[in-house]
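Coordinates as given in protein_39.txt (compact mmCIF, C-alpha atoms and all ligand atoms):
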```txt
# COMPACT_ATOMS: atom_id res chain seq x y z
CA MET A 5 2.45 -16.53 -15.40
CA ALA A 6 4.65 -16.85 -18.49
CA LEU A 7 1.85 -15.24 -20.44
CA ALA A 8 1.76 -12.21 -18.18
CA VAL A 9 5.51 -11.76 -18.59
CA CYS A 10 5.28 -11.97 -22.39
CA LEU A 11 2.46 -9.48 -22.44
CA SER A 12 3.91 -6.81 -20.23
CA CYS A 13 6.29 -5.54 -22.86
CA PRO A 14 3.97 -5.19 -25.89
CA LEU A 15 1.35 -3.80 -23.51
CA ALA A 16 3.65 -1.05 -22.34
CA LEU A 17 4.58 -0.13 -25.92
CA LEU A 18 1.01 -0.19 -27.16
CA VAL A 19 -0.13 1.93 -24.28
CA ALA A 20 2.66 4.40 -24.80
CA GLY A 21 1.53 4.76 -28.42
CA LEU A 22 -2.09 4.97 -27.42
CA VAL A 23 -1.53 7.51 -24.70
CA GLN A 24 0.19 9.76 -27.20
CA GLY A 25 -2.94 9.57 -29.31
CA ILE A 26 -5.23 10.57 -26.45
CA GLY A 27 -3.49 13.79 -25.46
CA GLY A 28 -3.48 17.07 -27.36
CA GLN A 29 -5.15 17.80 -30.66
CA ASP A 30 -4.73 14.35 -32.16
CA PRO A 31 -7.90 12.76 -33.51
CA GLY A 32 -7.83 10.30 -30.60
CA PRO A 33 -6.99 6.63 -30.26
CA ARG A 34 -7.84 4.32 -33.10
CA PRO A 35 -10.74 2.19 -31.81
CA LEU A 36 -9.05 -1.04 -32.82
CA GLU A 37 -5.90 -0.20 -30.90
CA LEU A 38 -7.80 0.64 -27.73
CA LYS A 39 -9.71 -2.63 -27.99
CA GLU A 40 -6.47 -4.53 -28.41
CA VAL A 41 -4.98 -2.96 -25.33
CA PHE A 42 -8.15 -3.71 -23.42
CA THR A 43 -8.06 -7.36 -24.54
CA LEU A 44 -4.47 -7.65 -23.35
CA PHE A 45 -5.52 -6.10 -20.04
CA GLN A 46 -8.34 -8.66 -19.70
CA ILE A 47 -5.93 -11.52 -20.34
CA GLN A 48 -3.23 -10.22 -18.05
CA TYR A 49 -5.57 -9.60 -15.12
CA ASN A 50 -8.10 -12.38 -15.88
CA ARG A 51 -11.11 -10.10 -16.36
CA SER A 52 -14.36 -11.18 -17.96
CA TYR A 53 -17.67 -9.36 -18.07
CA SER A 54 -21.16 -10.83 -17.89
CA ASN A 55 -22.57 -9.34 -21.11
CA PRO A 56 -21.65 -7.15 -24.10
CA ALA A 57 -23.16 -4.02 -22.54
CA GLU A 58 -21.00 -4.47 -19.44
CA HIS A 59 -17.98 -5.12 -21.66
CA ALA A 60 -18.64 -1.88 -23.53
CA ARG A 61 -19.04 0.04 -20.28
CA ARG A 62 -15.75 -1.33 -18.89
CA LEU A 63 -13.98 -0.51 -22.16
CA ASP A 64 -15.20 3.05 -21.85
CA ILE A 65 -14.01 3.31 -18.23
CA PHE A 66 -10.67 1.80 -19.30
CA ALA A 67 -10.23 4.49 -21.97
CA ARG A 68 -11.01 7.23 -19.44
CA ASN A 69 -8.50 5.79 -17.01
CA LEU A 70 -5.78 5.78 -19.65
CA ALA A 71 -6.51 9.42 -20.41
CA ARG A 72 -6.43 10.21 -16.70
CA ALA A 73 -3.16 8.31 -16.32
CA GLN A 74 -1.65 10.41 -19.10
CA GLN A 75 -2.73 13.60 -17.32
CA LEU A 76 -1.40 12.40 -13.97
CA GLN A 77 1.93 11.60 -15.54
CA GLU A 78 2.16 15.05 -17.11
CA ASP A 79 1.29 16.73 -13.82
CA ASP A 80 3.54 14.63 -11.60
CA LEU A 81 6.69 16.40 -10.40
CA GLY A 82 8.63 13.23 -9.63
CA THR A 83 9.44 10.26 -11.83
CA ALA A 84 6.13 8.38 -11.55
CA GLU A 85 4.60 6.55 -14.49
CA PHE A 86 0.86 6.04 -14.63
CA GLY A 87 -0.95 3.68 -17.01
CA VAL A 88 -2.61 0.28 -17.16
CA THR A 89 -2.97 -1.34 -13.74
CA PRO A 90 -5.14 -4.12 -12.28
CA PHE A 91 -7.66 -1.35 -11.46
CA SER A 92 -7.94 0.19 -14.94
CA ASP A 93 -11.50 -1.03 -15.50
CA LEU A 94 -12.86 0.59 -12.33
CA THR A 95 -14.22 4.10 -11.99
CA GLU A 96 -12.54 6.32 -9.41
CA GLU A 97 -15.63 5.92 -7.24
CA GLU A 98 -15.63 2.14 -7.46
CA PHE A 99 -11.96 2.05 -6.63
CA GLY A 100 -12.58 4.21 -3.55
CA GLN A 101 -15.46 1.99 -2.44
CA LEU A 102 -13.49 -1.23 -2.92
CA TYR A 103 -10.18 -0.16 -1.41
CA GLY A 104 -10.75 3.05 0.58
CA ASN A 105 -10.52 2.54 4.32
CA GLN A 106 -12.66 5.27 5.86
CA ARG A 107 -11.20 4.46 9.26
CA ALA A 108 -7.65 5.46 8.36
CA ALA A 109 -8.01 8.88 10.02
CA GLY A 110 -9.15 9.41 13.58
CA ARG A 111 -7.96 10.24 17.06
CA ALA A 112 -5.51 7.58 18.17
CA PRO A 113 -6.15 6.28 21.71
CA ASN A 114 -3.69 7.58 24.32
CA VAL A 115 -0.96 7.91 21.77
CA ASP A 116 -0.19 11.50 22.67
CA ARG A 117 1.69 10.31 25.73
CA LYS A 118 3.40 7.59 23.74
CA VAL A 119 5.52 9.61 21.38
CA GLY A 120 8.60 7.71 20.31
CA SER A 121 12.15 8.91 20.65
CA GLY A 122 12.92 11.80 18.37
CA GLU A 123 16.23 13.10 19.61
CA ARG A 124 17.49 15.80 17.35
CA GLY A 125 21.01 15.85 16.10
CA GLU A 126 21.20 12.09 15.81
CA SER A 127 22.27 11.37 12.27
CA VAL A 128 20.00 9.67 9.78
CA PRO A 129 21.57 7.54 7.03
CA SER A 130 21.01 8.72 3.46
CA THR A 131 19.36 5.47 2.42
CA CYS A 132 17.64 2.58 4.13
CA ASP A 133 15.85 -0.41 2.64
CA TRP A 134 14.74 -3.17 4.99
CA ARG A 135 13.97 -5.39 1.98
CA LYS A 136 17.71 -5.81 1.53
CA ALA A 137 18.16 -7.36 4.96
CA ARG A 138 17.41 -11.07 4.78
CA ASN A 139 14.05 -12.40 5.97
CA ILE A 140 12.81 -9.18 7.56
CA ILE A 141 10.04 -8.21 5.17
CA SER A 142 7.42 -10.85 4.37
CA SER A 143 6.06 -11.34 0.85
CA VAL A 144 3.52 -8.88 -0.53
CA ARG A 145 -0.05 -9.67 0.51
CA ASN A 146 -3.26 -9.20 -1.45
CA GLN A 147 -6.30 -7.92 0.42
CA LYS A 148 -8.57 -8.54 -2.63
CA SER A 149 -12.16 -7.61 -1.80
CA CYS A 150 -11.50 -7.29 1.94
CA LYS A 151 -10.74 -3.76 3.16
CA CYS A 152 -8.08 -4.93 5.56
CA CYS A 153 -5.09 -2.74 4.64
CA TRP A 154 -4.98 -1.86 8.37
CA ALA A 155 -4.52 -5.52 9.41
CA MET A 156 -2.02 -6.27 6.64
CA ALA A 157 0.10 -3.19 7.42
CA ALA A 158 0.08 -4.05 11.14
CA ALA A 159 1.03 -7.67 10.35
CA GLY A 160 3.96 -6.46 8.22
CA ASN A 161 5.09 -4.11 10.99
CA ILE A 162 4.99 -6.85 13.66
CA GLU A 163 6.70 -9.42 11.40
CA ALA A 164 9.55 -7.08 10.55
CA LEU A 165 10.13 -5.96 14.16
CA TRP A 166 9.95 -9.54 15.41
CA ALA A 167 12.50 -10.63 12.80
CA ILE A 168 14.85 -7.74 13.62
CA LYS A 169 14.61 -8.35 17.37
CA HIS A 170 14.71 -12.14 17.41
CA LYS A 171 16.53 -12.93 14.14
CA MET A 172 13.66 -15.21 13.26
CA SER A 173 11.24 -14.64 10.42
CA VAL A 174 7.54 -15.17 11.09
CA GLU A 175 4.38 -14.71 9.07
CA VAL A 176 1.51 -13.75 11.33
CA SER A 177 -2.19 -14.34 10.81
CA VAL A 178 -4.13 -11.45 9.29
CA GLN A 179 -7.29 -13.54 9.52
CA GLU A 180 -6.91 -13.68 13.30
CA LEU A 181 -6.77 -9.88 13.35
CA LEU A 182 -9.96 -9.74 11.28
CA ASP A 183 -11.87 -12.42 13.18
CA CYS A 184 -10.91 -11.27 16.68
CA ASP A 185 -11.05 -7.51 16.18
CA ARG A 186 -13.73 -6.06 18.49
CA CYS A 187 -13.04 -2.37 17.83
CA GLY A 188 -12.93 -2.10 14.05
CA ASN A 189 -15.00 -3.59 11.33
CA GLY A 190 -13.03 -6.52 9.89
CA CYS A 191 -13.20 -6.52 6.10
CA SER A 192 -15.15 -3.24 6.13
CA GLY A 193 -12.16 -1.28 7.43
CA GLY A 194 -10.39 -0.45 10.65
CA TYR A 195 -7.88 1.83 12.36
CA ILE A 196 -4.31 0.68 12.59
CA TRP A 197 -4.54 0.60 16.41
CA ASP A 198 -7.49 -1.82 16.19
CA ALA A 199 -4.96 -4.39 14.99
CA PHE A 200 -2.48 -3.66 17.78
CA ILE A 201 -5.21 -3.71 20.44
CA THR A 202 -6.37 -7.09 19.11
CA VAL A 203 -2.85 -8.54 19.34
CA MET A 204 -2.48 -7.31 22.93
CA ASN A 205 -5.92 -8.53 23.94
CA ASN A 206 -5.25 -11.98 22.42
CA SER A 207 -1.75 -12.08 23.95
CA GLY A 208 -0.02 -12.65 20.63
CA LEU A 209 -0.77 -13.78 17.12
CA ALA A 210 -0.89 -17.19 15.44
CA SER A 211 0.99 -17.90 12.22
CA GLU A 212 -0.38 -17.31 8.74
CA ARG A 213 0.16 -21.00 8.04
CA ASP A 214 -2.01 -22.20 10.94
CA TYR A 215 -4.64 -19.50 10.60
CA PRO A 216 -4.62 -18.51 6.91
CA PHE A 217 -6.18 -15.51 5.20
CA ARG A 218 -9.67 -16.17 3.82
CA GLY A 219 -10.85 -12.61 3.28
CA GLU A 220 -14.52 -12.11 3.71
CA ALA A 221 -15.85 -15.39 2.36
CA ARG A 222 -18.10 -15.29 5.43
CA ALA A 223 -17.94 -14.02 8.97
CA HIS A 224 -15.54 -16.18 10.97
CA LYS A 225 -15.44 -16.82 14.66
CA CYS A 226 -12.37 -15.70 16.54
CA GLN A 227 -10.10 -18.74 16.87
CA ALA A 228 -7.37 -17.07 18.89
CA GLU A 229 -7.35 -19.84 21.49
CA LYS A 230 -6.97 -22.62 18.96
CA TYR A 231 -3.47 -22.00 17.59
CA LYS A 232 0.02 -21.57 18.95
CA LYS A 233 1.21 -17.94 19.08
CA VAL A 234 4.30 -16.97 17.11
CA ALA A 235 4.70 -13.23 17.79
CA TRP A 236 3.77 -10.76 20.51
CA ILE A 237 3.82 -7.00 21.03
CA GLN A 238 4.38 -4.97 24.19
CA ASP A 239 2.51 -1.86 23.14
CA PHE A 240 2.19 0.58 20.25
CA ILE A 241 3.19 4.22 19.84
CA MET A 242 2.57 7.21 17.63
CA LEU A 243 5.79 8.61 16.17
CA PRO A 244 6.70 12.27 15.65
CA GLU A 245 4.68 13.62 12.76
CA ASN A 246 7.67 14.75 10.74
CA GLU A 247 9.63 13.02 8.03
CA GLN A 248 13.04 13.42 9.62
CA GLY A 249 11.83 11.76 12.82
CA MET A 250 10.13 9.01 10.86
CA ALA A 251 13.30 8.32 8.85
CA ARG A 252 15.38 8.16 12.02
CA TYR A 253 13.02 5.72 13.71
CA LEU A 254 12.73 3.60 10.56
CA ALA A 255 16.49 3.37 10.14
CA THR A 256 17.19 2.48 13.76
CA GLU A 257 14.16 0.42 14.82
CA GLY A 258 12.51 -0.96 11.67
CA PRO A 259 9.47 -0.57 9.38
CA ILE A 260 6.51 1.51 10.60
CA THR A 261 2.91 1.92 9.47
CA VAL A 262 1.58 5.10 7.83
CA SER A 263 -1.78 6.31 6.56
CA ILE A 264 -1.97 7.99 3.17
CA ASN A 265 -4.35 9.33 0.55
CA MET A 266 -4.52 6.53 -2.04
CA GLN A 267 -6.03 8.62 -4.84
CA LEU A 268 -3.00 8.44 -7.15
CA LEU A 269 -2.40 4.74 -6.68
CA GLN A 270 -5.19 3.45 -8.91
CA ASN A 271 -3.23 4.28 -12.06
CA TYR A 272 0.30 4.04 -10.64
CA LYS A 273 2.83 1.79 -12.36
CA ASN A 274 6.27 2.74 -11.07
CA GLY A 275 8.62 5.57 -10.12
CA VAL A 276 8.48 8.25 -7.43
CA ILE A 277 5.14 10.02 -7.07
CA ARG A 278 5.58 13.71 -6.31
CA PRO A 279 2.09 15.18 -6.38
CA ALA A 280 1.61 18.60 -7.94
CA PRO A 281 0.51 21.25 -5.39
CA GLY A 282 -3.19 20.87 -4.62
CA THR A 283 -3.36 17.19 -5.57
CA CYS A 284 -3.43 14.19 -3.26
CA ASP A 285 -4.91 16.10 -0.28
CA PRO A 286 -2.77 15.24 2.77
CA GLN A 287 -5.78 15.67 5.08
CA HIS A 288 -7.75 12.93 3.33
CA VAL A 289 -5.99 9.71 4.29
CA ASP A 290 -7.86 6.52 3.40
CA HIS A 291 -5.26 3.76 3.13
CA ILE A 292 -2.72 2.19 5.49
CA VAL A 293 0.61 0.76 4.31
CA LEU A 294 4.03 -0.23 5.63
CA LEU A 295 7.01 2.10 5.28
CA VAL A 296 10.07 -0.06 4.63
CA GLY A 297 12.78 2.36 3.52
CA PHE A 298 13.91 5.59 1.91
CA GLY A 299 16.45 6.80 -0.62
CA LYS A 300 17.08 9.24 -3.46
CA THR A 301 16.93 8.86 -7.24
CA LYS A 302 20.14 9.52 -9.15
CA SER A 303 20.12 13.01 -10.57
CA GLY A 304 18.74 13.14 -14.08
CA GLU A 305 16.93 9.82 -13.67
CA ARG A 306 14.13 9.58 -16.18
CA ARG A 307 10.96 7.63 -16.46
CA GLN A 308 11.30 4.19 -17.99
CA THR A 309 9.17 4.94 -21.04
CA GLU A 310 10.38 8.52 -21.46
CA ALA A 311 11.91 7.71 -24.84
CA VAL A 312 8.56 6.84 -26.34
CA LEU A 313 6.57 9.64 -24.75
CA SER A 314 7.27 12.57 -27.02
CA GLN A 315 5.13 15.00 -25.02
CA SER A 316 6.84 14.59 -21.68
CA LYS A 317 8.32 17.57 -20.00
CA PRO A 318 11.99 17.53 -19.11
CA ARG A 319 12.56 15.68 -15.86
CA PRO A 320 13.95 17.32 -12.74
CA ARG A 321 17.71 17.48 -13.04
CA HIS A 322 18.35 17.00 -9.33
CA SER A 323 17.76 13.80 -7.46
CA THR A 324 14.39 13.12 -5.84
CA PRO A 325 14.23 11.86 -2.24
CA TYR A 326 11.62 9.14 -1.74
CA TRP A 327 9.98 6.74 0.68
CA ILE A 328 9.58 3.04 -0.16
CA LEU A 329 6.19 1.65 0.83
CA LYS A 330 4.81 -1.86 0.87
CA ASN A 331 1.23 -2.09 -0.33
CA SER A 332 -1.27 -4.96 0.08
CA TRP A 333 -2.66 -5.20 -3.45
CA GLY A 334 -0.59 -8.16 -4.64
CA ALA A 335 2.79 -8.30 -6.34
CA GLN A 336 1.30 -7.61 -9.78
CA TRP A 337 0.60 -4.02 -8.79
CA GLY A 338 3.17 -1.19 -8.79
CA GLU A 339 6.86 -1.98 -8.31
CA GLU A 340 6.29 -5.66 -7.49
CA GLY A 341 3.76 -4.71 -4.86
CA TYR A 342 5.67 -1.63 -3.60
CA PHE A 343 5.53 2.05 -4.52
CA ARG A 344 7.56 5.18 -3.89
CA LEU A 345 6.38 8.57 -2.68
CA HIS A 346 8.29 11.84 -2.53
CA ARG A 347 10.01 12.40 0.83
CA GLY A 348 10.09 15.84 2.44
CA SER A 349 6.77 17.34 1.30
CA ASN A 350 4.22 15.35 3.34
CA ALA A 351 3.17 13.74 0.06
CA CYS A 352 -0.38 12.30 0.26
CA GLY A 353 -0.43 12.87 4.04
CA ILE A 354 2.34 10.42 4.90
CA THR A 355 3.14 12.21 8.21
CA ARG A 356 -0.43 12.11 9.47
CA TYR A 357 -0.40 8.84 11.45
CA PRO A 358 3.02 7.19 11.72
CA LEU A 359 2.51 4.34 14.18
CA THR A 360 4.38 1.25 15.20
CA ALA A 361 4.10 -1.69 17.53
CA LEU A 362 6.76 -2.15 20.21
CA VAL A 363 8.19 -5.63 20.09
CA ASP A 364 10.34 -7.25 22.73
CA THR A 365 9.92 -10.64 24.40
CA PRO A 366 6.83 -12.90 24.31
CA VAL A 367 3.98 -11.49 26.43
CA LYS A 368 2.07 -14.35 27.96
CA LYS A 369 -0.27 -12.16 29.96
CA ARG A 370 -3.40 -10.83 28.32
CA HIS A 371 -3.59 -7.04 28.28
CA THR A 372 -7.18 -6.09 28.61
CA ILE A 373 -7.61 -2.82 26.83
CA SER A 374 -10.94 -1.49 25.79
CA CYS A 375 -11.71 -0.03 22.39
CA PRO A 376 -10.98 3.68 22.10
CA PRO A 377 -14.15 5.81 22.40
C1 LIG A 401 -10.10 -16.16 -13.59
O1 LIG A 401 -11.39 -15.71 -13.20
C2 LIG A 401 -12.37 -16.73 -13.06
C3 LIG A 401 -13.70 -16.09 -12.67
O2 LIG A 401 -13.83 -14.79 -13.12
C4 LIG A 401 -11.93 -17.73 -12.01
O3 LIG A 401 -12.87 -18.77 -11.91
C5 LIG A 401 -10.55 -18.28 -12.35
O4 LIG A 401 -10.10 -19.11 -11.32
C6 LIG A 401 -9.56 -17.15 -12.58
N1 LIG A 401 -8.29 -17.67 -13.03
C7 LIG A 401 -7.14 -17.31 -12.48
C8 LIG A 401 -5.92 -17.90 -13.07
O5 LIG A 401 -7.07 -16.52 -11.55
C1 LIG A 402 -10.69 -9.05 24.42
O1 LIG A 402 -10.90 -10.46 24.46
C2 LIG A 402 -12.08 -10.84 25.12
C3 LIG A 402 -12.08 -12.37 25.21
O2 LIG A 402 -11.88 -12.98 23.97
C4 LIG A 402 -13.28 -10.31 24.36
O3 LIG A 402 -14.48 -10.66 25.00
C5 LIG A 402 -13.17 -8.77 24.27
O4 LIG A 402 -14.23 -8.27 23.48
C6 LIG A 402 -11.84 -8.39 23.65
N1 LIG A 402 -11.68 -6.94 23.72
C7 LIG A 402 -11.09 -6.25 22.76
C8 LIG A 402 -11.00 -4.79 22.96
O5 LIG A 402 -10.63 -6.77 21.76
```
Would you mind giving the structure from this file in structure tokens?
Amino acid sequence: MALAVCLSCPLALLVAGLVQGIGGQDPGPRPLELKEVFTLFQIQYNRSYSNPAEHARRLDIFARNLARAQQLQEDDLGTAEFGVTPFSDLTEEEFGQLYGNQRAAGRAPNVDRKVGSGERGESVPSTCDWRKARNIISSVRNQKSCKCCWAMAAAGNIEALWAIKHKMSVEVSVQELLDCDRCGNGCSGGYIWDAFITVMNNSGLASERDYPFRGEARAHKCQAEKYKKVAWIQDFIMLPENEQGMARYLATEGPITVSINMQLLQNYKNGVIRPAPGTCDPQHVDHIVLLVGFGKTKSGERRQTEAVLSQSKPRPRHSTPYWILKNSWGAQWGEEGYFRLHRGSNACGITRYPLTALVDTPVKKRHTISCPP
């Protein structure tokens, strides 16, 4: 851990220098420098490759990703920085296969009649960050090789709402959602409502401690009967598909789940992503995360490494409104496991499927719901 902390600074500087070399008419990065950066990446993220040919191939992919990160940063209209991430040795295709949840978009069951309150005129605070309230948001999870963003986002939603309602923090079992899900596909992906239907059908969820996350080591049997339940939901609803309505619900009720296009997240490091027009197609959502807050950058706020990036364009002088989202790729990724997206432009399809569980008192009775067609 200490090693990773020591490395992060020289890595950032080296990469900044390197990235300058990649862009424009420069002769390109010095091979030695690129190799050094790659070695630091391997140490920081514990990566080893089976043979020299594979090592060479990953080094090549790494170089392409750095060049792509540089381009993304130039094109971004917010304050986002792109660069070396835990996914820098994967091609875009591999990243999509490993983390893309093809079941993020689809017709939600019966949710049309379940639209949440969206009274107009009610004021929305200018900022909201549920992480600042004590014991509401659980620690950042890591889905690793299991495509279970849907279960992790749902777990985060239920935990937060349970803590807000009952002033009691809980960590619920994602593994129970995966093992007992009869509508989705466990570690191969699922819809967000698959998780909520599973909770209702099991009449509650066990704790993470009793029923811990194992990913897809092997197929597990559903052990819902075996452990004590710690949280329940009444139902789930689809929220108004507009950012004002989402902000109002978030501020008054608590964190909600959203589906987004994850394309720009492979190379994301920090800051507010504001995709250039035509990038991050809002129709193509393939990842589910938890929305935990919103705010605005101070006007004139610059990127952290702006000083060393001579080619950067001037930053927007006005402040940038953003959403704060909790991801499930570990705390080493992004802003300690979180990221920020521009608010007000349906960035990366954030308004497509805002859903939330409804949490009240324990529900001892099993709701038998069938899987949506
Ligand atoms: C590093 O990776 C190897 C296998 O690639 C694994 O056995 C080891 O436990 C990992 N170490 C850490 C600290 O994650
Ligand atoms: C609900 O639970 C029952 C009993 O465990 C199971 O047979 C059924 O497949 C589940 N249905 C859904 C939709 O999860």
Range 214-267 of chain A near range 298-302 of chain A within 9 Å: what's each residue's closest atom pair and its distance in Å to one decimal, counting all atoms listed in the file, ordered by chain then ascending residue number, as a Markdown table?
```
| residue | atom | partner | partner_atom | distance |
| --- | --- | --- | --- | --- |
| A:Ala251 | CA | A:Phe298 | CA | 7.5 |
| A:Leu254 | CA | A:Phe298 | CA | 9.0 |
| A:Ala255 | CA | A:Phe298 | CA | 8.9 |
```
For this session: Residues within 9 Å of ligand LIG 402 (chain A) should be enumerated using all atoms listed in the file and returned as number ranges by chain.
Result: A: 184-187, 198, 201-206, 226, 228-229, 370-376
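Proximity to range 73-85 of chain A at 7 Å, evaluated using only C-alpha atoms and with sequence-adjacent residues fewer than 6 positions away removed, yields Val23, Asn271, Tyr272, Lys273, Asn274, Gly275, Val276, Ile277, Arg278, Pro279, Ala280, Arg306, Arg307, Ser316 and Thr324 of chain A.
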Exercise. Ligand LIG 401 (chain A): which residues are within 8 Å, counting all atoms listed in the file, as number ranges by chain?
Worked result: A: 49-52
For this session: Provide the CA of Glu96 in chain A to CA of His291 in chain A distance in Å, to one decimal place.
Result: 14.7 Å
Any chance you could model all heavy atoms for range 231-238 of chain A and send them as a CSV table (one decimal), in the coordinates of the input?
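result-v4.csv, written as the output of this step:
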```csv
chain,number,residue,atom,x,y,z
A,231,TYR,N,-4.8,-21.8,18.2
A,231,TYR,CA,-3.5,-22.0,17.6
A,231,TYR,C,-2.4,-21.4,18.4
A,231,TYR,O,-2.5,-20.5,19.2
A,231,TYR,CB,-3.4,-21.3,16.2
A,231,TYR,CG,-4.5,-21.9,15.3
A,231,TYR,CD1,-5.6,-21.1,14.9
A,231,TYR,CD2,-4.4,-23.1,14.7
A,231,TYR,CE1,-6.6,-21.5,14.1
A,231,TYR,CE2,-5.4,-23.6,13.9
A,231,TYR,CZ,-6.5,-22.8,13.6
A,231,TYR,OH,-7.5,-23.3,12.7
A,232,LYS,N,-1.2,-22.0,18.3
A,232,LYS,CA,0.0,-21.6,19.0
A,232,LYS,C,0.4,-20.1,18.5
A,232,LYS,O,0.3,-19.8,17.3
A,232,LYS,CB,1.1,-22.5,18.6
A,232,LYS,CG,2.4,-22.4,19.4
A,232,LYS,CD,3.3,-23.6,19.1
A,232,LYS,CE,4.1,-23.4,17.9
A,232,LYS,NZ,5.2,-23.1,17.4
A,233,LYS,N,0.8,-19.3,19.4
A,233,LYS,CA,1.2,-17.9,19.1
A,233,LYS,C,2.6,-17.9,18.6
A,233,LYS,O,3.5,-18.7,19.1
A,233,LYS,CB,1.1,-17.0,20.3
A,233,LYS,CG,-0.2,-17.0,21.0
A,233,LYS,CD,-1.3,-16.4,20.1
A,233,LYS,CE,-2.6,-16.3,20.8
A,233,LYS,NZ,-3.7,-16.0,19.9
A,234,VAL,N,2.9,-17.1,17.6
A,234,VAL,CA,4.3,-17.0,17.1
A,234,VAL,C,4.9,-15.6,17.3
A,234,VAL,O,6.1,-15.4,17.1
A,234,VAL,CB,4.4,-17.4,15.6
A,234,VAL,CG1,4.0,-18.9,15.5
A,234,VAL,CG2,3.5,-16.5,14.7
A,235,ALA,N,4.1,-14.6,17.6
A,235,ALA,CA,4.7,-13.2,17.8
A,235,ALA,C,3.8,-12.4,18.8
A,235,ALA,O,2.6,-12.7,18.8
A,235,ALA,CB,4.8,-12.5,16.5
A,236,TRP,N,4.4,-11.5,19.5
A,236,TRP,CA,3.8,-10.8,20.5
A,236,TRP,C,4.2,-9.3,20.4
A,236,TRP,O,5.2,-9.0,19.8
A,236,TRP,CB,4.2,-11.2,21.9
A,236,TRP,CG,3.7,-12.6,22.3
A,236,TRP,CD1,2.6,-12.9,23.1
A,236,TRP,CD2,4.3,-13.9,21.9
A,236,TRP,NE1,2.5,-14.3,23.2
A,236,TRP,CE2,3.5,-14.9,22.5
A,236,TRP,CE3,5.4,-14.2,21.1
A,236,TRP,CZ2,3.8,-16.3,22.3
A,236,TRP,CZ3,5.7,-15.6,21.0
A,236,TRP,CH2,4.9,-16.6,21.6
A,237,ILE,N,3.4,-8.4,20.9
A,237,ILE,CA,3.8,-7.0,21.0
A,237,ILE,C,3.6,-6.5,22.5
A,237,ILE,O,2.8,-7.0,23.2
A,237,ILE,CB,3.1,-6.1,20.0
A,237,ILE,CG1,1.6,-5.8,20.4
A,237,ILE,CG2,3.2,-6.6,18.6
A,237,ILE,CD1,0.9,-4.8,19.6
A,238,GLN,N,4.5,-5.5,22.8
A,238,GLN,CA,4.4,-5.0,24.2
A,238,GLN,C,3.3,-3.9,24.2
A,238,GLN,O,2.6,-3.7,25.2
A,238,GLN,CB,5.7,-4.4,24.6
A,238,GLN,CG,6.6,-5.2,25.5
A,238,GLN,CD,7.0,-6.5,24.9
A,238,GLN,OE1,7.1,-6.7,23.7
A,238,GLN,NE2,7.2,-7.5,25.8
```
